[in-house]
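File shown: target04.txt. Contents: compact mmCIF, C-alpha atoms and all ligand atoms.
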# COMPACT_ATOMS: atom_id res chain seq x y z
CA MET P 1 171.74 78.89 -198.08
CA MET P 2 169.84 77.15 -195.34
CA PRO P 3 171.71 74.05 -194.00
CA VAL P 4 170.16 70.63 -194.71
CA HIS P 5 170.09 68.61 -191.49
CA ASP P 6 169.96 64.83 -191.24
CA ALA P 7 166.58 64.84 -189.50
CA VAL P 8 163.92 67.18 -188.20
CA VAL P 9 161.49 65.99 -185.54
CA VAL P 10 158.14 67.76 -185.14
CA GLY P 11 156.84 67.52 -181.55
CA GLY P 12 158.58 67.12 -178.21
CA GLY P 13 156.35 64.52 -176.53
CA PRO P 14 157.56 61.02 -175.58
CA ALA P 15 157.82 59.87 -179.22
CA GLY P 16 159.69 62.87 -180.62
CA THR P 17 162.10 63.30 -177.71
CA TYR P 18 163.00 59.60 -177.47
CA LEU P 19 163.70 59.49 -181.22
CA ALA P 20 165.72 62.74 -181.19
CA LYS P 21 167.83 61.45 -178.32
CA ARG P 22 168.54 58.13 -180.00
CA LEU P 23 169.51 59.74 -183.32
CA ALA P 24 171.68 62.41 -181.67
CA GLU P 25 173.48 59.74 -179.65
CA ALA P 26 174.21 57.91 -182.90
CA GLY P 27 175.90 61.06 -184.21
CA ARG P 28 173.09 62.34 -186.44
CA ASP P 29 172.43 66.04 -186.82
CA VAL P 30 168.87 66.37 -185.46
CA VAL P 31 166.62 69.39 -184.90
CA LEU P 32 163.57 69.00 -182.61
CA LEU P 33 160.75 71.54 -182.97
CA GLU P 34 158.30 71.86 -180.07
CA ARG P 35 155.50 74.42 -180.00
CA THR P 36 155.42 74.98 -176.22
CA LEU P 37 157.93 77.23 -174.49
CA GLY P 38 158.36 75.29 -171.25
CA PRO P 39 156.95 72.57 -168.95
CA HIS P 40 153.25 72.00 -169.51
CA GLN P 41 150.37 69.66 -168.67
CA LYS P 42 148.76 67.37 -171.25
CA VAL P 43 145.42 65.59 -171.47
CA CYS P 44 146.58 62.23 -170.12
CA GLY P 45 145.97 59.80 -167.26
CA GLU P 46 149.72 59.83 -166.30
CA PHE P 47 149.85 56.02 -166.06
CA LEU P 48 153.18 54.45 -167.08
CA SER P 49 152.97 50.78 -167.90
CA HIS P 50 155.93 48.46 -167.55
CA GLU P 51 156.76 48.85 -171.25
CA ALA P 52 156.99 52.63 -170.83
CA ILE P 53 159.24 52.16 -167.79
CA PHE P 54 161.40 49.76 -169.83
CA TYR P 55 161.95 52.30 -172.62
CA LEU P 56 162.46 55.24 -170.26
CA LYS P 57 165.17 53.31 -168.44
CA ARG P 58 166.83 52.60 -171.80
CA VAL P 59 167.35 56.32 -172.25
CA GLY P 60 168.57 56.76 -168.68
CA LEU P 61 165.36 57.99 -167.04
CA ASP P 62 164.06 56.15 -163.99
CA PRO P 63 160.48 57.28 -163.28
CA VAL P 64 160.70 56.20 -159.63
CA ARG P 65 163.74 58.43 -159.09
CA MET P 66 161.74 61.22 -160.69
CA GLY P 67 159.08 60.84 -158.00
CA ALA P 68 156.64 58.46 -159.72
CA VAL P 69 154.04 56.80 -157.50
CA PRO P 70 153.84 52.97 -157.67
CA ILE P 71 150.53 51.60 -158.95
CA SER P 72 149.61 48.04 -158.06
CA THR P 73 145.83 47.81 -158.45
CA VAL P 74 143.17 48.75 -160.95
CA ALA P 75 139.53 49.09 -159.93
CA LEU P 76 136.53 49.18 -162.25
CA ILE P 77 133.64 51.03 -160.62
CA ARG P 78 130.02 51.42 -161.68
CA ASN P 79 127.48 52.85 -159.24
CA HIS P 80 128.43 51.07 -155.97
CA ALA P 81 129.94 47.99 -157.63
CA VAL P 82 133.73 47.85 -157.35
CA THR P 83 135.96 45.18 -158.89
CA SER P 84 139.63 45.46 -157.98
CA VAL P 85 142.42 43.36 -159.43
CA LYS P 86 146.17 43.40 -158.93
CA LEU P 87 147.94 44.54 -162.08
CA PRO P 88 149.79 41.64 -163.71
CA PHE P 89 152.83 43.91 -164.33
CA PRO P 90 154.64 46.70 -162.46
CA ALA P 91 153.40 50.21 -163.20
CA VAL P 92 153.78 53.77 -161.91
CA SER P 93 152.19 57.16 -162.27
CA LEU P 94 154.11 60.34 -163.10
CA SER P 95 152.83 63.72 -164.28
CA ARG P 96 153.38 64.57 -167.94
CA TYR P 97 154.57 67.94 -166.67
CA ARG P 98 157.60 66.24 -165.19
CA LEU P 99 158.02 63.35 -167.63
CA ASP P 100 157.95 65.35 -170.88
CA GLU P 101 160.33 67.99 -169.54
CA ALA P 102 162.84 65.32 -168.46
CA LEU P 103 162.65 63.74 -171.93
CA ILE P 104 163.10 67.02 -173.79
CA THR P 105 166.09 67.90 -171.59
CA ALA P 106 167.58 64.45 -172.23
CA ALA P 107 167.24 64.94 -176.01
CA GLY P 108 169.05 68.29 -175.80
CA ASP P 109 171.77 66.87 -173.55
CA ALA P 110 172.36 64.10 -176.10
CA GLY P 111 173.11 66.71 -178.78
CA ALA P 112 169.77 67.29 -180.51
CA VAL P 113 169.14 70.97 -181.28
CA VAL P 114 165.89 71.72 -179.43
CA ARG P 115 163.88 74.75 -180.60
CA ARG P 116 160.96 75.61 -178.34
CA GLY P 117 158.07 77.92 -179.09
CA CYS P 118 158.13 76.71 -182.69
CA ARG P 119 154.71 75.65 -183.97
CA VAL P 120 155.12 73.83 -187.28
CA ARG P 121 152.62 74.98 -189.91
CA SER P 122 153.70 73.10 -192.99
CA ILE P 123 155.79 70.14 -194.09
CA ARG P 124 156.54 69.69 -197.77
CA ARG P 125 159.09 67.96 -199.97
CA HIS P 126 161.14 70.12 -202.33
CA HIS P 127 164.30 69.16 -204.27
CA ASN P 128 165.30 66.08 -202.25
CA ALA P 129 164.79 67.73 -198.85
CA TRP P 130 161.91 68.28 -196.45
CA HIS P 131 161.01 71.90 -195.77
CA VAL P 132 159.47 72.30 -192.36
CA GLU P 133 158.06 75.73 -191.61
CA GLY P 134 156.86 77.28 -188.40
CA ASP P 135 155.59 80.77 -187.66
CA GLU P 136 159.07 82.26 -187.58
CA ASP P 137 161.31 79.28 -188.19
CA ALA P 138 162.13 77.08 -191.16
CA VAL P 139 164.28 73.94 -191.20
CA MET P 140 165.43 71.72 -194.05
CA ALA P 141 166.32 68.07 -193.53
CA ARG P 142 166.76 64.83 -195.43
CA ASP P 143 164.20 63.05 -193.19
CA VAL P 144 161.20 64.30 -191.27
CA PHE P 145 159.62 62.62 -188.23
CA ILE P 146 156.06 63.71 -187.42
CA ALA P 147 155.49 63.28 -183.67
CA SER P 148 152.94 66.01 -183.02
CA GLY P 149 150.75 63.66 -180.98
CA LYS P 150 147.11 64.65 -180.70
CA HIS P 151 147.53 67.60 -183.09
CA ASP P 152 147.63 67.09 -186.83
CA ILE P 153 149.83 69.21 -189.09
CA ARG P 154 147.97 70.77 -192.01
CA GLY P 155 148.19 68.50 -195.04
CA TRP P 156 149.03 65.44 -192.86
CA LYS P 157 145.73 64.94 -191.06
CA ARG P 158 144.95 61.45 -189.77
CA PRO P 159 141.64 59.82 -190.72
CA PRO P 160 139.04 59.65 -187.91
CA GLY P 161 139.80 56.15 -186.58
CA ARG P 162 137.28 53.45 -185.71
CA HIS P 163 136.03 54.98 -182.45
CA ALA P 164 136.17 58.69 -183.09
CA ASP P 165 133.14 60.07 -181.25
CA LEU P 166 134.92 60.84 -177.97
CA ILE P 167 136.44 63.95 -176.46
CA GLY P 168 138.88 64.00 -173.53
CA PHE P 169 139.44 66.15 -170.44
CA LYS P 170 142.00 66.30 -167.67
CA GLN P 171 142.20 68.16 -164.38
CA GLN P 172 144.31 67.70 -161.25
CA PHE P 173 143.08 67.95 -157.66
CA ARG P 174 144.35 67.80 -154.13
CA LEU P 175 142.08 65.26 -152.41
CA ALA P 176 141.01 65.53 -148.78
CA PHE P 177 142.88 63.25 -146.37
CA PRO P 178 140.97 59.97 -146.06
CA GLN P 179 140.17 60.02 -149.79
CA ALA P 180 143.81 60.60 -150.76
CA ARG P 181 144.89 57.71 -148.54
CA ASP P 182 142.25 55.38 -150.00
CA ALA P 183 143.13 56.35 -153.58
CA SER P 184 146.86 55.74 -153.20
CA ASN P 185 148.69 53.13 -155.32
CA ARG P 186 145.67 52.44 -157.50
CA VAL P 187 143.97 53.48 -160.70
CA GLU P 188 140.22 53.80 -160.41
CA LEU P 189 138.12 53.69 -163.55
CA PHE P 190 134.61 55.07 -162.97
CA MET P 191 131.89 54.48 -165.56
CA PHE P 192 129.29 57.19 -166.07
CA ALA P 193 126.65 57.85 -168.72
CA GLY P 194 128.44 58.17 -172.07
CA GLY P 195 131.99 57.87 -170.80
CA TYR P 196 134.58 56.77 -168.27
CA CYS P 197 136.90 58.60 -165.93
CA GLY P 198 140.30 57.52 -164.57
CA LEU P 199 141.54 58.76 -161.21
CA GLU P 200 145.10 58.13 -160.08
CA PRO P 201 147.67 59.71 -157.77
CA VAL P 202 150.78 61.41 -159.16
CA GLU P 203 153.81 62.87 -157.38
CA GLY P 204 153.42 65.72 -154.90
CA GLY P 205 150.21 64.44 -153.28
CA ILE P 206 148.14 65.39 -156.35
CA CYS P 207 145.43 63.26 -157.98
CA ASN P 208 144.91 63.27 -161.72
CA ILE P 209 141.47 62.99 -163.31
CA SER P 210 141.27 62.18 -167.00
CA LEU P 211 138.11 61.21 -168.78
CA VAL P 212 136.54 60.64 -172.15
CA ILE P 213 132.92 61.21 -173.05
CA ARG P 214 130.84 60.83 -176.18
CA LYS P 215 130.51 64.12 -178.04
CA SER P 216 126.71 63.79 -178.22
CA ARG P 217 126.47 63.28 -174.44
CA PHE P 218 128.75 66.26 -173.81
CA ALA P 219 126.58 68.38 -176.10
CA ASP P 220 123.54 67.41 -173.96
CA LEU P 221 125.38 68.37 -170.76
CA GLY P 222 126.43 71.66 -172.34
CA SER P 223 129.63 72.53 -170.46
CA TRP P 224 132.45 71.20 -168.28
CA GLU P 225 130.43 72.18 -165.19
CA GLY P 226 127.42 70.23 -166.53
CA LEU P 227 129.62 67.24 -167.30
CA TRP P 228 131.20 67.33 -163.85
CA GLU P 229 127.84 67.45 -162.08
CA GLY P 230 126.39 64.73 -164.31
CA MET P 231 129.39 62.49 -163.75
CA LEU P 232 129.28 62.85 -159.96
CA ALA P 233 125.51 62.20 -159.97
CA ASP P 234 126.03 59.02 -162.04
CA SER P 235 128.94 57.79 -159.96
CA PRO P 236 128.36 58.11 -156.20
CA MET P 237 131.74 56.60 -155.39
CA LEU P 238 133.52 59.21 -157.51
CA ALA P 239 131.46 61.89 -155.76
CA GLU P 240 132.69 60.52 -152.44
CA ARG P 241 136.34 60.53 -153.65
CA MET P 242 136.01 64.15 -154.77
CA ARG P 243 134.34 65.39 -151.57
CA ASP P 244 136.30 68.49 -150.36
CA ALA P 245 138.86 68.05 -153.16
CA VAL P 246 140.54 71.26 -154.32
CA PRO P 247 141.33 71.73 -158.04
CA VAL P 248 144.96 72.57 -158.78
CA SER P 249 144.12 74.59 -161.91
CA ASP P 250 141.16 76.85 -162.74
CA ARG P 251 140.03 75.00 -165.84
CA PRO P 252 140.47 71.47 -167.20
CA LEU P 253 142.43 70.79 -170.36
CA ALA P 254 140.39 69.38 -173.23
CA ILE P 255 141.04 67.54 -176.46
CA GLY P 256 138.49 66.90 -179.24
CA ALA P 257 138.38 64.52 -182.18
CA ILE P 258 140.57 61.72 -180.80
CA PRO P 259 140.96 59.13 -183.60
CA TYR P 260 140.88 56.06 -181.33
CA GLY P 261 141.49 52.83 -183.21
CA TYR P 262 143.60 54.47 -185.92
CA VAL P 263 146.69 52.54 -187.09
CA ARG P 264 148.86 53.88 -189.93
CA THR P 265 150.10 51.10 -192.19
CA HIS P 266 152.30 52.96 -194.68
CA SER P 267 154.27 56.15 -195.21
CA GLU P 268 154.32 58.60 -198.11
CA GLY P 269 157.78 59.78 -197.07
CA PRO P 270 157.69 61.13 -193.50
CA TRP P 271 158.12 58.88 -190.46
CA HIS P 272 154.94 58.99 -188.34
CA LEU P 273 155.48 58.33 -184.63
CA GLY P 274 153.40 58.01 -181.44
CA ASP P 275 149.78 59.12 -181.68
CA GLN P 276 150.46 60.11 -185.29
CA ALA P 277 151.08 56.41 -186.03
CA ALA P 278 148.43 54.69 -183.87
CA VAL P 279 145.94 55.73 -181.20
CA ILE P 280 144.92 53.30 -178.45
CA PRO P 281 141.94 54.11 -176.17
CA SER P 282 142.99 55.81 -172.96
CA PHE P 283 141.76 53.24 -170.44
CA ALA P 284 144.48 50.84 -171.67
CA GLY P 285 147.11 53.21 -170.21
CA ASN P 286 149.36 52.34 -173.10
CA GLY P 287 149.62 55.44 -175.31
CA ILE P 288 152.96 56.55 -173.87
CA SER P 289 154.53 53.12 -174.17
CA MET P 290 153.28 52.88 -177.77
CA ALA P 291 154.80 56.30 -178.49
CA LEU P 292 158.14 55.18 -177.01
CA HIS P 293 157.96 51.85 -178.84
CA SER P 294 157.34 53.63 -182.16
CA ALA P 295 160.33 55.92 -181.57
CA HIS P 296 162.55 53.01 -180.61
CA LEU P 297 161.56 51.04 -183.69
CA ALA P 298 161.90 54.09 -185.97
CA ALA P 299 165.40 54.81 -184.65
CA ARG P 300 166.46 51.24 -185.36
CA HIS P 301 165.05 51.32 -188.90
CA TYR P 302 166.49 54.75 -189.65
CA LEU P 303 169.96 53.92 -188.34
CA ALA P 304 169.90 50.68 -190.34
CA GLY P 305 169.19 52.67 -193.52
CA GLN P 306 165.65 51.32 -193.88
CA PRO P 307 162.89 53.41 -195.51
CA ALA P 308 160.08 54.99 -193.47
CA ASP P 309 157.50 52.75 -195.11
CA ARG P 310 159.15 49.59 -193.76
CA PHE P 311 159.15 51.03 -190.24
CA GLN P 312 155.49 52.04 -190.55
CA GLN P 313 154.51 48.49 -191.54
CA ALA P 314 156.56 46.94 -188.72
CA PHE P 315 155.02 49.26 -186.12
CA ALA P 316 151.51 48.57 -187.40
CA ARG P 317 152.18 44.82 -187.08
CA ASP P 318 153.35 45.27 -183.47
CA VAL P 319 150.36 47.28 -182.26
CA ARG P 320 147.39 46.40 -184.49
CA ARG P 321 145.99 43.65 -182.23
CA GLN P 322 146.31 45.69 -179.02
CA VAL P 323 144.67 48.75 -180.59
CA HIS P 324 141.88 46.58 -182.01
CA ASN P 325 141.17 44.87 -178.64
CA ALA P 326 141.24 48.11 -176.69
CA THR P 327 139.00 49.88 -179.22
CA LEU P 328 136.36 47.14 -179.00
CA LEU P 329 136.37 47.40 -175.22
CA SER P 330 136.29 51.17 -175.23
CA ARG P 331 133.09 51.06 -177.29
CA LEU P 332 131.54 48.80 -174.65
CA LEU P 333 132.77 51.04 -171.83
CA VAL P 334 130.94 54.13 -173.12
CA SER P 335 127.70 52.45 -174.16
CA PRO P 336 124.86 52.49 -171.60
CA LEU P 337 123.73 49.08 -172.93
CA THR P 338 127.02 47.33 -172.21
CA GLN P 339 128.45 49.18 -169.18
CA GLY P 340 126.37 47.02 -166.82
CA LEU P 341 127.47 43.83 -168.56
CA LEU P 342 131.12 44.82 -168.33
CA SER P 343 130.81 45.67 -164.67
CA ALA P 344 129.07 42.37 -163.88
CA GLY P 345 131.58 40.43 -166.03
CA ALA P 346 134.47 42.02 -164.15
CA ARG P 347 132.90 41.17 -160.78
CA TYR P 348 132.21 37.53 -161.55
CA LEU P 349 135.29 36.96 -163.70
CA PRO P 350 138.05 39.13 -162.23
CA GLY P 351 140.54 36.99 -164.18
CA ALA P 352 139.04 38.49 -167.34
CA MET P 353 140.18 41.95 -166.25
CA ARG P 354 143.73 40.67 -165.89
CA SER P 355 143.47 39.14 -169.37
CA VAL P 356 142.27 42.47 -170.76
CA ALA P 357 145.24 44.21 -169.13
CA ALA P 358 147.58 41.59 -170.58
CA GLY P 359 145.84 41.66 -174.01
CA THR P 360 146.69 45.33 -174.55
CA ARG P 361 150.42 44.96 -173.80
CA LEU P 362 153.16 45.51 -176.37
CA PRO P 363 155.86 43.11 -177.51
CA LEU P 364 159.14 44.10 -175.87
CA THR P 365 161.31 41.45 -177.41
CA GLU P 366 163.49 42.98 -180.05
CA GLN P 367 163.10 41.11 -183.29
CA PRO P 368 166.17 41.64 -185.49
CA LEU P 369 165.37 43.93 -188.44
CA VAL P 370 165.65 42.56 -191.94
CA THR P 371 169.16 44.00 -192.06
CA GLY P 372 170.00 42.60 -188.63
CA ALA P 373 170.48 46.09 -187.13
CA ARG P 374 170.02 46.55 -183.35
C1 LIG P 401 142.05 61.23 -171.80
C2 LIG P 401 143.37 60.56 -172.12
C3 LIG P 401 144.02 59.82 -171.12
C4 LIG P 401 145.21 59.16 -171.41
N1 LIG P 401 145.83 58.46 -170.42
C5 LIG P 401 146.99 57.80 -170.69
C6 LIG P 401 147.67 57.09 -169.65
O1 LIG P 401 147.27 57.10 -168.48
N2 LIG P 401 148.82 56.42 -169.98
C7 LIG P 401 149.31 56.42 -171.25
O2 LIG P 401 150.33 55.74 -171.51
N3 LIG P 401 148.69 57.11 -172.24
C8 LIG P 401 147.57 57.81 -171.99
N4 LIG P 401 146.98 58.55 -172.97
C9 LIG P 401 147.60 58.60 -174.32
C10 LIG P 401 148.86 59.47 -174.32
O3 LIG P 401 148.54 60.76 -173.82
C11 LIG P 401 149.39 59.61 -175.77
O4 LIG P 401 149.31 58.38 -176.42
C12 LIG P 401 150.85 60.08 -175.77
O5 LIG P 401 150.96 61.37 -175.19
C13 LIG P 401 151.40 60.11 -177.20
O6 LIG P 401 152.71 60.65 -177.19
P1 LIG P 401 153.22 61.47 -178.45
O7 LIG P 401 154.65 61.77 -178.21
O8 LIG P 401 152.83 60.77 -179.70
O9 LIG P 401 152.36 62.82 -178.46
P2 LIG P 401 152.16 63.97 -177.38
O10 LIG P 401 152.46 63.51 -176.01
O11 LIG P 401 150.80 64.55 -177.66
O12 LIG P 401 153.28 65.03 -177.77
C14 LIG P 401 153.22 65.75 -178.98
C15 LIG P 401 154.03 67.02 -178.85
O13 LIG P 401 154.01 67.73 -180.08
C16 LIG P 401 153.83 69.09 -179.84
N5 LIG P 401 153.20 69.66 -181.02
C17 LIG P 401 151.92 69.46 -181.45
N6 LIG P 401 151.70 70.13 -182.59
C18 LIG P 401 152.88 70.74 -182.90
C19 LIG P 401 153.29 71.60 -183.97
N7 LIG P 401 152.44 71.95 -184.95
N8 LIG P 401 154.56 72.05 -183.98
C20 LIG P 401 155.44 71.72 -182.99
N9 LIG P 401 155.10 70.94 -181.94
C21 LIG P 401 153.83 70.44 -181.91
C22 LIG P 401 152.95 69.15 -178.60
O14 LIG P 401 153.10 70.39 -177.92
C23 LIG P 401 153.49 67.97 -177.80
O15 LIG P 401 154.51 68.34 -176.90
C24 LIG P 401 145.78 59.24 -172.72
C25 LIG P 401 145.15 60.01 -173.71
C26 LIG P 401 143.96 60.67 -173.41
C27 LIG P 401 143.29 61.50 -174.49
Could you show the structure in this file as structure tokens?
Amino acid sequence: MMPVHDAVVVGGGPAGTYLAKRLAEAGRDVVLLERTLGPHQKVCGEFLSHEAIFYLKRVGLDPVRMGAVPISTVALIRNHAVTSVKLPFPAVSLSRYRLDEALITAAGDAGAVVRRGCRVRSIRRHHNAWHVEGDEDAVMARDVFIASGKHDIRGWKRPPGRHADLIGFKQQFRLAFPQARDASNRVELFMFAGGYCGLEPVEGGICNISLVIRKSRFADLGSWEGLWEGMLADSPMLAERMRDAVPVSDRPLAIGAIPYGYVRTHSEGPWHLGDQAAVIPSFAGNGISMALHSAHLAARHYLAGQPADRFQQAFARDVRRQVHNATLLSRLLVSPLTQGLLSAGARYLPGAMRSVAAGTRLPLTEQPLVTGAR
């Protein structure tokens, strides 16, 4: 007979690993299934907001000690117009390659059973237990936590979200000297036709490029090479930043069908965490902190004996406004009609940019749960 574990967690990103660590520390028998075999890159801007730093420190990980680069400024750039503002909160930048591996190691060290190279294919309920099946692995557990991030599990697909016409790319570069110096300690957000691109330094003297573009615009450009050329032609300041830059990998990573604006408000049994619970547009730099927040809240509800549905409602309440605000702005950021307005608004009202940054933040105060659990 296969053993029935307390919990199985599908996905070893920030949400799944944080949750697995918390449950293992509380003495629960947890199995974490992650499809990759080892450290890997992800489509992400690598920005860690102060909420993400807060949660990482709670599980004993200090991004600065892991080599994270401090970020103090954000700049919005369109053509030659640059508006820079100081971030109203502390932030850093750390590669997902390093961050996710540290989190998965921490979950294993806390006592979670981590199985790598296990791609989950199906999740179904049978006789009071969840049956989770991968290519060669099967696990049974009383509770299942779906934290597979950008990838849906068959039968548990998320709806498209309110701003679902974007695809994302990421590639890392080593910038030439003056450019690397000028790009240090800041996030630069470049607008181009049909999308926006974030450039920020990470550890090891590398710069990360992540961008989203409308699917229809990408189809017109035809390929990554076409997109790259089009983007540099639209954004002379980005072209200048990338002069003599050397890519670190041959090809960019890509992700399609991002359901931006999606917020799950209920559960049909499983606990949905991270991007499986809500998806905030990338420019907000808040996806990782939302993933950690969801895991933190789920752990508290689970350990207090609360049902998944109550957690899902509480999480939706915490993030709905931020996701809504960021989704509205993201629509404006990719539309040729409103990019100019946004750029001018930011230049003449730099305070508005600080308000936008503040308006997409998460609540960190810990409301007591209905049961009073902490
Ligand atoms: C272009 C872009 C830029 C972004 N920039 C930022 C940023 O700068 N800052 C920020 O905070 N957020 C950013 N985000 C959002 C951020 O990447 C996500 O919100 C965050 O990674 C969500 O964490 P997660 O744990 O839910 O999922 P993920 O980080 O996606 O982790 C999910 C894990 O599940 C695994 N998995 C998937 N399917 C299966 C399966 N079937 N079986 C087993 N394992 C599986 C994956 O391998 C992965 O390790 C960006 C997103 C995009 C698209």
**Request:** Could you give me the residues within 6 Å of ligand LIG 401 (chain P), counting all atoms listed in the file, as an NGL selection string?
**Result:** :P and (10-16 or 33-36 or 43-48 or 118-121 or 147-151 or 153 or 168-169 or 210-212 or 274-275 or 282 or 285-289 or 291)
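Take the candidates P:Pro281, P:Gly27, P:Pro3, P:Gly134 and check each one against Ile258 (chain P) using all atoms listed in the file; the shortest distance goes to P:Pro281.
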Could I get the residues of region 72-98 of chain P with an atom no further than 10 Å from an atom of region 324-342 of chain P, each paired with its nearest atom pair and that distance in Å to one decimal, using all atoms listed in the file, sorted by chain and residue number, as a tab-separated table?
residue	atom	partner	partner_atom	distance
P:Leu76	CA	P:Leu342	CA	9.2
P:Arg78	CA	P:Gly340	CA	7.7
P:Asn79	CA	P:Gly340	CA	9.6
P:Ala81	CA	P:Gly340	CA	9.9
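The coordinates place CA of Ala298 (chain P) at 8.8 Å from CA of His272 (chain P).
The gap separating CA of Leu166 (chain P) from CA of Gly256 (chain P) is 7.1 Å, in Å to one decimal.
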**Message:** (143.1, 60.6, -145.9) in this file's frame - what residues fall within 12 Å of it? Use only C-alpha atoms and give the answer as a ChimeraX atom specification.
**Reply:** /P:174-184,205,241-245
Atoms are missing here; could region 88-100 of chain P be completed with N, CA and C atoms and written as a PDB file, keeping the file's coordinate frame?
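Wrote it out as part11.pdb, contents follow:
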ATOM      1  N   PRO P  88     148.874  42.765-163.476  1.00  0.00           N
ATOM      2  CA  PRO P  88     149.790  41.640-163.710  1.00  0.00           C
ATOM      3  C   PRO P  88     151.195  42.098-164.134  1.00  0.00           C
ATOM      4  N   PHE P  89     151.500  43.398-163.982  1.00  0.00           N
ATOM      5  CA  PHE P  89     152.830  43.910-164.330  1.00  0.00           C
ATOM      6  C   PHE P  89     153.096  45.142-163.460  1.00  0.00           C
ATOM      7  N   PRO P  90     154.366  45.507-163.260  1.00  0.00           N
ATOM      8  CA  PRO P  90     154.640  46.700-162.460  1.00  0.00           C
ATOM      9  C   PRO P  90     154.268  47.961-163.228  1.00  0.00           C
ATOM     10  N   ALA P  91     153.778  48.961-162.537  1.00  0.00           N
ATOM     11  CA  ALA P  91     153.400  50.210-163.200  1.00  0.00           C
ATOM     12  C   ALA P  91     153.562  51.370-162.219  1.00  0.00           C
ATOM     13  N   VAL P  92     153.663  52.577-162.754  1.00  0.00           N
ATOM     14  CA  VAL P  92     153.780  53.770-161.910  1.00  0.00           C
ATOM     15  C   VAL P  92     152.962  54.899-162.523  1.00  0.00           C
ATOM     16  N   SER P  93     152.922  56.001-161.798  1.00  0.00           N
ATOM     17  CA  SER P  93     152.190  57.160-162.270  1.00  0.00           C
ATOM     18  C   SER P  93     153.076  58.392-162.078  1.00  0.00           C
ATOM     19  N   LEU P  94     153.239  59.157-163.148  1.00  0.00           N
ATOM     20  CA  LEU P  94     154.110  60.340-163.100  1.00  0.00           C
ATOM     21  C   LEU P  94     153.490  61.420-163.969  1.00  0.00           C
ATOM     22  N   SER P  95     153.491  62.663-163.492  1.00  0.00           N
ATOM     23  CA  SER P  95     152.830  63.720-164.280  1.00  0.00           C
ATOM     24  C   SER P  95     153.550  63.926-165.610  1.00  0.00           C
ATOM     25  N   ARG P  96     152.778  64.252-166.632  1.00  0.00           N
ATOM     26  CA  ARG P  96     153.380  64.570-167.940  1.00  0.00           C
ATOM     27  C   ARG P  96     154.207  65.841-167.825  1.00  0.00           C
ATOM     28  N   TYR P  97     153.826  66.703-166.914  1.00  0.00           N
ATOM     29  CA  TYR P  97     154.570  67.940-166.670  1.00  0.00           C
ATOM     30  C   TYR P  97     156.030  67.599-166.402  1.00  0.00           C
ATOM     31  N   ARG P  98     156.237  66.607-165.558  1.00  0.00           N
ATOM     32  CA  ARG P  98     157.600  66.240-165.190  1.00  0.00           C
ATOM     33  C   ARG P  98     158.234  65.318-166.228  1.00  0.00           C
ATOM     34  N   LEU P  99     157.459  64.353-166.702  1.00  0.00           N
ATOM     35  CA  LEU P  99     158.020  63.350-167.630  1.00  0.00           C
ATOM     36  C   LEU P  99     158.493  64.003-168.938  1.00  0.00           C
ATOM     37  N   ASP P 100     157.617  64.808-169.551  1.00  0.00           N
ATOM     38  CA  ASP P 100     157.950  65.350-170.880  1.00  0.00           C
ATOM     39  C   ASP P 100     159.133  66.313-170.792  1.00  0.00           C
TER      40      ASP P 100
END
